[in-house]
>>> print(open('protein.cif').read())   # mmCIF, C-alpha atoms
data_input
#
loop_
_atom_site.label_atom_id
_atom_site.label_comp_id
_atom_site.auth_asym_id
_atom_site.auth_seq_id
_atom_site.Cartn_x
_atom_site.Cartn_y
_atom_site.Cartn_z
CA MET A 1 92.35 79.47 100.57
CA ALA A 2 92.15 81.71 97.52
CA ALA A 3 88.37 81.64 97.63
CA ALA A 4 88.31 82.61 101.29
CA ASP A 5 90.70 85.51 100.72
CA SER A 6 88.71 86.62 97.69
CA ASP A 7 85.46 86.58 99.66
CA CYS A 8 87.03 88.63 102.43
CA ALA A 9 88.47 91.17 100.01
CA CYS A 10 85.16 91.41 98.18
CA THR A 11 83.32 92.12 101.40
CA ASP A 12 85.83 94.83 102.29
CA ALA A 13 85.56 96.47 98.91
CA THR A 14 81.88 96.27 98.04
CA ILE A 15 79.77 95.72 101.14
CA THR A 16 81.20 98.47 103.31
CA GLY A 17 77.94 100.20 104.11
CA GLY A 18 79.48 103.57 103.24
CA TYR A 19 82.70 102.94 105.14
CA PRO A 20 86.08 103.57 103.47
CA SER A 21 87.62 100.53 101.80
CA PRO A 22 91.13 99.41 102.78
CA ILE A 23 93.71 99.34 100.01
CA SER A 24 95.98 96.68 101.53
CA PRO A 25 95.06 92.99 101.24
CA PRO A 26 93.43 90.92 104.03
CA TYR A 27 95.50 88.56 106.15
CA PRO A 28 96.38 85.37 104.27
CA GLU A 29 94.91 82.14 105.60
CA LEU A 30 98.39 80.83 106.45
CA SER A 31 98.87 83.63 108.97
CA LYS A 32 96.37 82.05 111.40
CA GLU A 33 98.39 78.86 111.70
CA VAL A 34 101.72 80.68 111.88
CA GLU A 35 100.49 83.18 114.48
CA LEU A 36 99.12 80.40 116.70
CA HIS A 37 102.41 78.50 116.54
CA ARG A 38 104.46 81.62 117.28
CA ALA A 39 102.20 82.63 120.19
CA MET A 40 102.59 79.21 121.80
CA SER A 41 106.37 79.30 121.31
CA ALA A 42 106.52 82.81 122.76
CA GLU A 43 104.69 81.69 125.92
CA THR A 44 107.34 79.04 126.51
CA ARG A 45 110.20 81.34 125.58
CA SER A 46 108.91 84.19 127.75
CA GLY A 47 108.53 81.91 130.74
CA ALA A 48 112.15 80.83 130.48
CA TYR A 49 113.60 84.28 129.76
CA ALA A 50 115.96 85.86 132.28
CA ILE A 51 117.38 89.30 131.60
CA SER A 52 121.17 89.60 131.52
CA SER A 53 123.53 92.55 131.79
CA LYS A 54 124.18 92.50 128.03
CA ASP A 55 120.46 93.12 127.43
CA ILE A 56 120.59 96.39 129.39
CA ILE A 57 121.63 99.25 127.11
CA PHE A 58 121.21 102.09 129.61
CA GLU A 59 120.19 102.46 133.24
CA ASP A 60 120.02 105.22 135.82
CA GLU A 61 117.91 105.77 138.93
CA TRP A 62 114.84 106.75 136.88
CA LEU A 63 114.72 104.39 133.92
CA VAL A 64 116.27 101.37 132.22
CA VAL A 65 116.48 100.69 128.47
CA VAL A 66 116.52 97.04 127.42
CA ASN A 67 117.26 95.33 124.10
CA LYS A 68 114.27 92.99 123.84
CA PRO A 69 114.87 89.70 122.00
CA SER A 70 112.52 88.50 119.27
CA GLY A 71 109.76 86.13 120.25
CA ILE A 72 109.00 87.26 123.80
CA TYR A 73 106.22 89.45 125.16
CA CYS A 74 106.91 92.96 126.46
CA GLU A 75 105.56 92.17 129.93
CA THR A 76 108.27 89.53 130.28
CA LEU A 77 110.82 92.31 130.69
CA LEU A 78 108.93 93.72 133.68
CA SER A 79 108.76 90.41 135.50
CA SER A 80 112.39 89.63 134.69
CA LEU A 81 113.59 93.03 135.89
CA SER A 82 111.48 92.72 139.03
CA SER A 83 113.39 89.60 140.02
CA CYS A 84 116.76 91.40 139.79
CA SER A 85 118.21 92.52 143.10
CA ARG A 86 118.79 96.06 141.76
CA THR A 87 115.13 96.60 140.88
CA SER A 88 113.18 94.22 143.12
CA ALA A 89 112.32 97.03 145.55
CA LEU A 90 110.83 98.99 142.66
CA GLN A 91 108.68 96.15 141.35
CA SER A 92 105.34 97.94 141.78
CA ASN A 93 106.64 101.07 140.03
CA LEU A 94 108.08 99.51 136.87
CA HIS A 95 106.19 100.65 133.77
CA LEU A 96 106.57 100.11 130.02
CA ALA A 97 107.00 103.51 128.35
CA ASN A 98 106.74 101.94 124.88
CA ARG A 99 105.74 98.60 123.43
CA LEU A 100 107.02 96.35 120.65
CA ASP A 101 105.29 93.53 118.82
CA ARG A 102 106.06 90.08 120.17
CA ASP A 103 108.39 89.21 117.27
CA THR A 104 110.06 92.63 116.98
CA SER A 105 113.41 92.97 118.72
CA GLY A 106 115.05 96.13 119.99
CA LEU A 107 114.90 99.01 122.41
CA MET A 108 112.26 99.26 125.11
CA VAL A 109 112.14 101.89 127.84
CA ILE A 110 111.07 100.88 131.34
CA THR A 111 110.54 103.57 133.96
CA LYS A 112 111.01 103.22 137.71
CA SER A 113 108.44 105.69 139.03
CA ASN A 114 104.94 106.87 138.23
CA LYS A 115 106.16 110.43 137.61
CA VAL A 116 108.75 109.39 135.04
CA ALA A 117 106.28 106.96 133.45
CA ALA A 118 103.74 109.72 132.88
CA LYS A 119 106.32 112.01 131.28
CA LEU A 120 107.82 109.41 128.96
CA VAL A 121 104.51 107.89 127.90
CA LYS A 122 103.37 111.39 126.97
CA ALA A 123 106.60 111.96 125.02
CA PHE A 124 106.00 108.77 123.02
CA THR A 125 102.32 109.64 122.50
CA ASP A 126 103.18 113.16 121.31
CA HIS A 127 105.82 111.73 118.89
CA LYS A 128 108.63 113.60 120.64
CA VAL A 129 110.71 110.44 120.80
CA LYS A 130 112.64 109.88 117.56
CA LYS A 131 112.93 106.24 116.52
CA THR A 132 114.59 104.19 113.81
CA TYR A 133 113.97 100.57 112.84
CA LEU A 134 115.82 98.10 110.64
CA ALA A 135 113.88 95.70 108.41
CA PHE A 136 115.10 92.82 106.25
CA CYS A 137 112.58 92.61 103.42
CA VAL A 138 111.96 90.35 100.44
CA GLY A 139 110.22 91.55 97.28
CA ASN A 140 110.66 94.14 94.57
CA ALA A 141 113.89 96.14 94.84
CA PRO A 142 112.95 99.85 94.98
CA VAL A 143 114.25 102.27 92.37
CA TRP A 144 114.52 105.03 94.98
CA GLU A 145 117.13 105.54 97.70
CA LYS A 146 114.94 107.45 100.13
CA ILE A 147 111.20 107.98 100.29
CA LYS A 148 108.45 109.17 102.62
CA VAL A 149 105.10 107.38 102.54
CA SER A 150 101.91 108.99 103.87
CA SER A 151 98.64 107.08 104.09
CA GLY A 152 95.61 106.30 106.20
CA HIS A 153 95.57 103.60 108.89
CA GLY A 154 92.76 101.77 110.66
CA ARG A 155 90.94 98.54 111.49
CA SER A 156 88.82 96.99 108.77
CA LYS A 157 85.41 95.40 109.33
CA PHE A 158 87.14 92.15 110.30
CA GLY A 159 89.44 93.72 112.90
CA ALA A 160 92.60 93.64 110.82
CA TRP A 161 94.95 96.61 110.65
CA ARG A 162 95.00 97.89 107.06
CA VAL A 163 96.33 100.70 104.92
CA TYR A 164 93.73 103.22 103.77
CA SER A 165 93.93 106.00 101.23
CA ALA A 166 95.26 109.29 102.61
CA SER A 167 92.03 110.88 101.41
CA ASP A 168 90.10 108.67 103.88
CA VAL A 169 91.82 110.13 106.95
CA GLY A 170 89.17 111.28 109.43
CA LYS A 171 86.43 109.03 108.06
CA VAL A 172 84.53 106.64 110.32
CA LEU A 173 85.27 102.90 110.25
CA PRO A 174 83.16 99.97 111.43
CA GLY A 175 83.08 100.04 115.21
CA GLY A 176 83.23 103.83 115.35
CA SER A 177 87.00 104.40 115.10
CA LEU A 178 88.46 106.83 112.58
CA VAL A 179 91.00 106.41 109.80
CA LYS A 180 94.16 108.06 111.13
CA SER A 181 97.15 109.40 109.28
CA MET A 182 100.47 107.56 109.29
CA ALA A 183 103.79 108.51 107.73
CA THR A 184 107.08 106.64 107.48
CA SER A 185 110.36 107.64 105.86
CA PHE A 186 112.60 104.90 104.47
CA GLU A 187 116.20 104.71 103.28
CA VAL A 188 117.65 101.73 101.46
CA LEU A 189 120.84 100.35 103.01
CA SER A 190 121.38 97.34 100.79
CA ILE A 191 119.86 95.41 97.88
CA ASN A 192 121.00 91.82 97.42
CA ARG A 193 123.98 92.52 99.71
CA GLN A 194 125.10 95.40 97.51
CA GLY A 195 125.60 98.18 99.99
CA LYS A 196 127.48 99.05 103.16
CA PHE A 197 125.79 99.43 106.49
CA ARG A 198 125.77 102.92 107.99
CA GLY A 199 124.25 104.54 111.04
CA PRO A 200 120.99 106.54 111.15
CA ASN A 201 120.88 109.53 108.81
CA LYS A 202 121.90 112.69 110.63
CA HIS A 203 119.96 114.83 108.16
CA ASN A 204 116.27 115.49 108.66
CA MET A 205 114.35 112.71 106.92
CA ASP A 206 111.16 114.70 107.52
CA GLU A 207 112.16 116.97 104.63
CA LEU A 208 111.72 114.21 102.05
CA LYS A 209 108.98 114.72 99.51
CA SER A 210 106.01 112.61 100.54
CA VAL A 211 104.33 109.96 98.40
CA ILE A 212 100.63 110.27 99.20
CA VAL A 213 98.95 106.87 99.14
CA GLN A 214 95.65 106.91 97.24
CA GLU A 215 95.48 103.45 95.67
CA ASN A 216 96.58 99.84 96.02
CA GLY A 217 100.26 99.18 96.64
CA ILE A 218 102.82 97.21 94.66
CA GLU A 219 102.58 93.43 94.57
CA GLY A 220 105.89 92.06 95.81
CA ASN A 221 106.38 89.27 93.28
CA GLU A 222 110.18 89.44 93.09
CA THR A 223 112.71 87.88 95.46
CA ASP A 224 115.20 90.67 96.01
CA GLU A 225 116.62 91.03 99.51
CA ILE A 226 116.33 94.61 100.74
CA LEU A 227 117.63 96.06 104.00
CA VAL A 228 115.89 99.30 104.88
CA ARG A 229 115.92 101.71 107.78
CA ALA A 230 112.54 103.15 108.74
CA TYR A 231 111.90 106.47 110.45
CA PRO A 232 108.27 106.41 111.66
CA GLU A 233 106.77 109.86 112.14
CA SER A 234 103.55 108.54 113.64
CA GLY A 235 103.17 105.58 115.98
CA ARG A 236 100.40 103.49 114.46
CA THR A 237 100.04 99.78 115.16
CA HIS A 238 102.09 97.69 112.68
CA GLN A 239 102.90 100.89 110.77
CA ILE A 240 106.28 99.87 109.33
CA ARG A 241 105.05 96.37 108.51
CA LEU A 242 102.07 97.78 106.62
CA HIS A 243 104.09 100.36 104.70
CA CYS A 244 106.73 97.80 103.68
CA GLN A 245 103.95 95.59 102.32
CA HIS A 246 102.46 98.57 100.45
CA LEU A 247 105.84 99.35 98.84
CA GLY A 248 106.15 95.82 97.47
CA PHE A 249 108.75 94.36 99.84
CA SER A 250 107.17 92.75 102.89
CA ILE A 251 109.36 92.03 105.90
CA ARG A 252 110.87 88.55 105.86
CA GLY A 253 108.82 86.26 108.10
CA ASP A 254 105.94 88.73 108.42
CA VAL A 255 103.32 86.30 107.13
CA LYS A 256 100.44 88.48 108.30
CA TYR A 257 101.50 91.23 105.91
CA GLY A 258 102.66 89.24 102.89
CA GLY A 259 106.11 88.20 104.08
CA VAL A 260 107.65 84.84 103.23
CA HIS A 261 107.31 82.10 105.85
CA GLU A 262 110.26 80.14 104.47
CA TRP A 263 113.42 81.63 103.05
CA LYS A 264 116.37 79.80 101.51
CA GLY A 265 115.17 76.47 102.82
CA MET A 266 114.57 77.56 106.41
CA ASP A 267 111.39 78.50 108.28
CA CYS A 268 111.25 82.06 109.59
CA ASP A 269 110.46 81.89 113.31
CA PHE A 270 110.05 85.68 113.58
CA HIS A 271 109.70 88.68 111.33
CA ALA A 272 112.95 90.55 110.73
CA LEU A 273 112.16 93.93 112.30
CA HIS A 274 114.39 95.60 114.89
CA ALA A 275 113.83 98.77 116.96
CA GLU A 276 117.30 100.15 116.37
CA SER A 277 117.55 103.54 118.05
CA LEU A 278 115.77 106.00 120.34
CA SER A 279 116.39 109.70 120.87
CA PHE A 280 114.54 111.63 123.56
CA GLU A 281 114.86 114.29 126.24
CA HIS A 282 115.52 112.71 129.63
CA PRO A 283 112.34 113.25 131.70
CA ILE A 284 114.29 114.36 134.79
CA THR A 285 117.65 115.82 133.72
CA GLY A 286 116.43 117.33 130.45
CA LEU A 287 119.54 116.04 128.66
CA LEU A 288 119.31 114.49 125.20
CA VAL A 289 119.52 110.70 125.33
CA PHE A 290 120.49 108.84 122.15
CA LEU A 291 120.64 105.05 122.35
CA VAL A 292 121.40 102.38 119.74
CA ALA A 293 120.80 98.66 120.14
CA PRO A 294 123.25 96.08 118.77
CA CYS A 295 122.29 94.79 115.33
CA PRO A 296 120.57 91.40 115.13
CA SER A 297 122.40 88.65 113.23
CA TRP A 298 120.18 88.95 110.16
CA VAL A 299 121.61 92.41 109.39
CA SER A 300 124.91 90.81 108.39
CA GLU A 301 122.96 88.41 106.14
CA ALA A 302 121.57 91.37 104.23
CA CYS A 303 124.46 93.82 104.23
CA PHE A 304 128.22 94.06 104.71
CA THR A 305 128.86 95.35 108.23
CA THR A 306 131.60 95.90 110.75
CA SER A 307 131.71 93.68 113.85
CA ASP A 308 129.14 95.78 115.70
CA GLY A 309 127.15 96.65 112.57
CA TYR A 310 128.24 100.30 112.45
CA GLU A 311 131.00 102.14 110.67
#
>>> encode(input="protein.cif", output="structure tokens")
Amino acid sequence: MAAADSDCACTDATITGGYPSPISPPYPELSKEVELHRAMSAETRSGAYAISSKDIIFEDEWLVVVNKPSGIYCETLLSSLSSCSRTSALQSNLHLANRLDRDTSGLMVITKSNKVAAKLVKAFTDHKVKKTYLAFCVGNAPVWEKIKVSSGHGRSKFGAWRVYSASDVGKVLPGGSLVKSMATSFEVLSINRQGKFRGPNKHNMDELKSVIVQENGIEGNETDEILVRAYPESGRTHQIRLHCQHLGFSIRGDVKYGGVHEWKGMDCDFHALHAESLSFEHPITGLLVFLVAPCPSWVSEACFTTSDGYE
């Protein structure tokens, strides 16, 4: 396994043909087996999933916001909503305004008309929708309380999403795509259960001084438990997962990006990442909509919380 990873990393770093070299490691060999198992489990789980009223966080005549469970595919929400009596007549007009990874839980917006879909998809694309995520990580406890990380993002020669130096933004990658910029702000909520859970920061996290990524990240050799809230400014694929890995504390269960597969004697069936909140202008009424999903159970494992997770 080590030899295979070494060969892959060597190819990335030295036989790039003039392309920028990624500064995050390649996928570990174990991730192939884990991903296959999780994909097969998700197919079964998605087929059996039926949406319930507790999963619906908000609904009006134009859109519905659902708290997606871990381990099911986004499209499952469409088919499940379509079978509900309230939305069956709108089946052909249901659209996903945003997407989450299979194993990520949390808020997803589903629109009920083409007009609303176009407006909300554009709002997400233009980064006008403010989002927060919660992540339970394992690795090196940070010495900072808040930080903003800015780097490059793109697909390596082998198709994997990787972190690139910020100085590589705009450069061409294999296949013709470009290195794009990505930025994420983080705040630490708890380290080894020392900390009290609080809601999203009402102050502007965009004003944090940015750490510009130019070189390899921190190797997460420690076993501290860290609960962080992430505020993504861009919307790159696997952005928060990649930046957590770069900072030295991969998300628990995120084997693809250095996370532990087993923790405290138990296998991790999913990675511990949750799309916590959304804030956006309603595409029809123009009113500000701010929505928060209930905390997953692992939040209380990482931090002291109230019954609903919020003070």
>>> resolve_selection(input="protein.cif", expression="the PyMOL selection byres ((chain A and resi 258) around 9)", output="mmCIF file with C-alpha atoms, in the coordinates of the input")
data_model
loop_
_atom_site.group_PDB
_atom_site.id
_atom_site.type_symbol
_atom_site.label_atom_id
_atom_site.label_comp_id
_atom_site.auth_asym_id
_atom_site.auth_seq_id
_atom_site.Cartn_x
_atom_site.Cartn_y
_atom_site.Cartn_z
ATOM 1 C CA PRO A 25 95.060 92.990 101.240
ATOM 2 C CA TYR A 27 95.500 88.560 106.150
ATOM 3 C CA PRO A 28 96.380 85.370 104.270
ATOM 4 C CA GLY A 220 105.890 92.060 95.810
ATOM 5 C CA GLN A 245 103.950 95.590 102.320
ATOM 6 C CA PHE A 249 108.750 94.360 99.840
ATOM 7 C CA SER A 250 107.170 92.750 102.890
ATOM 8 C CA ILE A 251 109.360 92.030 105.900
ATOM 9 C CA ARG A 252 110.870 88.550 105.860
ATOM 10 C CA GLY A 253 108.820 86.260 108.100
ATOM 11 C CA ASP A 254 105.940 88.730 108.420
ATOM 12 C CA VAL A 255 103.320 86.300 107.130
ATOM 13 C CA LYS A 256 100.440 88.480 108.300
ATOM 14 C CA TYR A 257 101.500 91.230 105.910
ATOM 15 C CA GLY A 259 106.110 88.200 104.080
ATOM 16 C CA VAL A 260 107.650 84.840 103.230
#
>>> residues_around(input="protein.cif", residues="region 134-137 of chain A", least_positions_apart="5", cutoff="7 Å", atoms="all atoms listed in the file", output="ChimeraX atom specification")
/A:225-230,249-252,272-276,302
>>> closest_atom_pairs(input="protein.cif", of="region 20-94 of chain A", to="region 279-291 of chain A", cutoff="8 Å", atoms="only C-alpha atoms", output="JSON lines")
{"residue": "A:Ile57", "atom": "CA", "partner": "A:Leu291", "partner_atom": "CA", "distance": 7.6}
{"residue": "A:Phe58", "atom": "CA", "partner": "A:Leu291", "partner_atom": "CA", "distance": 7.9}
{"residue": "A:Trp62", "atom": "CA", "partner": "A:Ile284", "partner_atom": "CA", "distance": 7.9}
>>> residues_around(input="protein.cif", residues="Tyr73 (chain A)", least_positions_apart="5", cutoff="12 Å", atoms="all atoms listed in the file", output="PyMOL selection string")
chain A and resi 38-49+68+78-80+96+99-105+108
>>> resolve_selection(input="protein.cif", expression="the PyMOL selection byres ((chain A and resi 131) around 7)", output="list in words")
Val129, Lys130, Thr132, Tyr133, Tyr231, Pro232, Ser277, Leu278 and Ser279 of chain A
>>> atom_distance(input="protein.cif", atom1="CA of His127 (chain A)", atom2="CA of Thr184 (chain A)")
12.6 Å
>>> atom_distance(input="protein.cif", atom1="CA of Asp168 (chain A)", atom2="CA of Lys180 (chain A)")
8.3 Å
>>> closest_atom_pairs(input="protein.cif", of="region 191-273 of chain A", to="region 113-126 of chain A", cutoff="12 Å", atoms="all atoms listed in the file", output="CSV")
residue,atom,partner,partner_atom,distance
A:Pro232,CA,A:Phe124,CA,11.8
A:Glu233,CA,A:Asp126,CA,10.4
A:Ser234,CA,A:Asp126,CA,9.0
A:Gly235,CA,A:Thr125,CA,7.7
A:Arg236,CA,A:Thr125,CA,10.3
>>> write_last_selection(input="protein.cif", atoms="C-alpha atoms", output="compact mmCIF listing (two decimals), in the coordinates of the input")
# COMPACT_ATOMS: atom_id res chain seq x y z
CA PRO A 232 108.27 106.41 111.66
CA GLU A 233 106.77 109.86 112.14
CA SER A 234 103.55 108.54 113.64
CA GLY A 235 103.17 105.58 115.98
CA ARG A 236 100.40 103.49 114.46
>>> resolve_selection(input="protein.cif", expression="the PyMOL selection byres ((chain A and resi 140-148) around 9)", output="ChimeraX atom specification")
/A:138-139,149-150,183-189,191-192,205-212,218-226,231,247-249
>>> axis_aligned_box(input="protein.cif", around="region 165-169 of chain A", padding_each_side="5 Å", output="JSON")
{"center_x": 92.7, "center_y": 108.4, "center_z": 104.1, "size_x": 15.2, "size_y": 14.9, "size_z": 15.7}
>>> closest_residue(input="protein.cif", among="A:Glu215, A:Glu75, A:Glu301, A:Glu59", to="Arg193 (chain A)", atoms="all atoms listed in the file")
A:Glu301
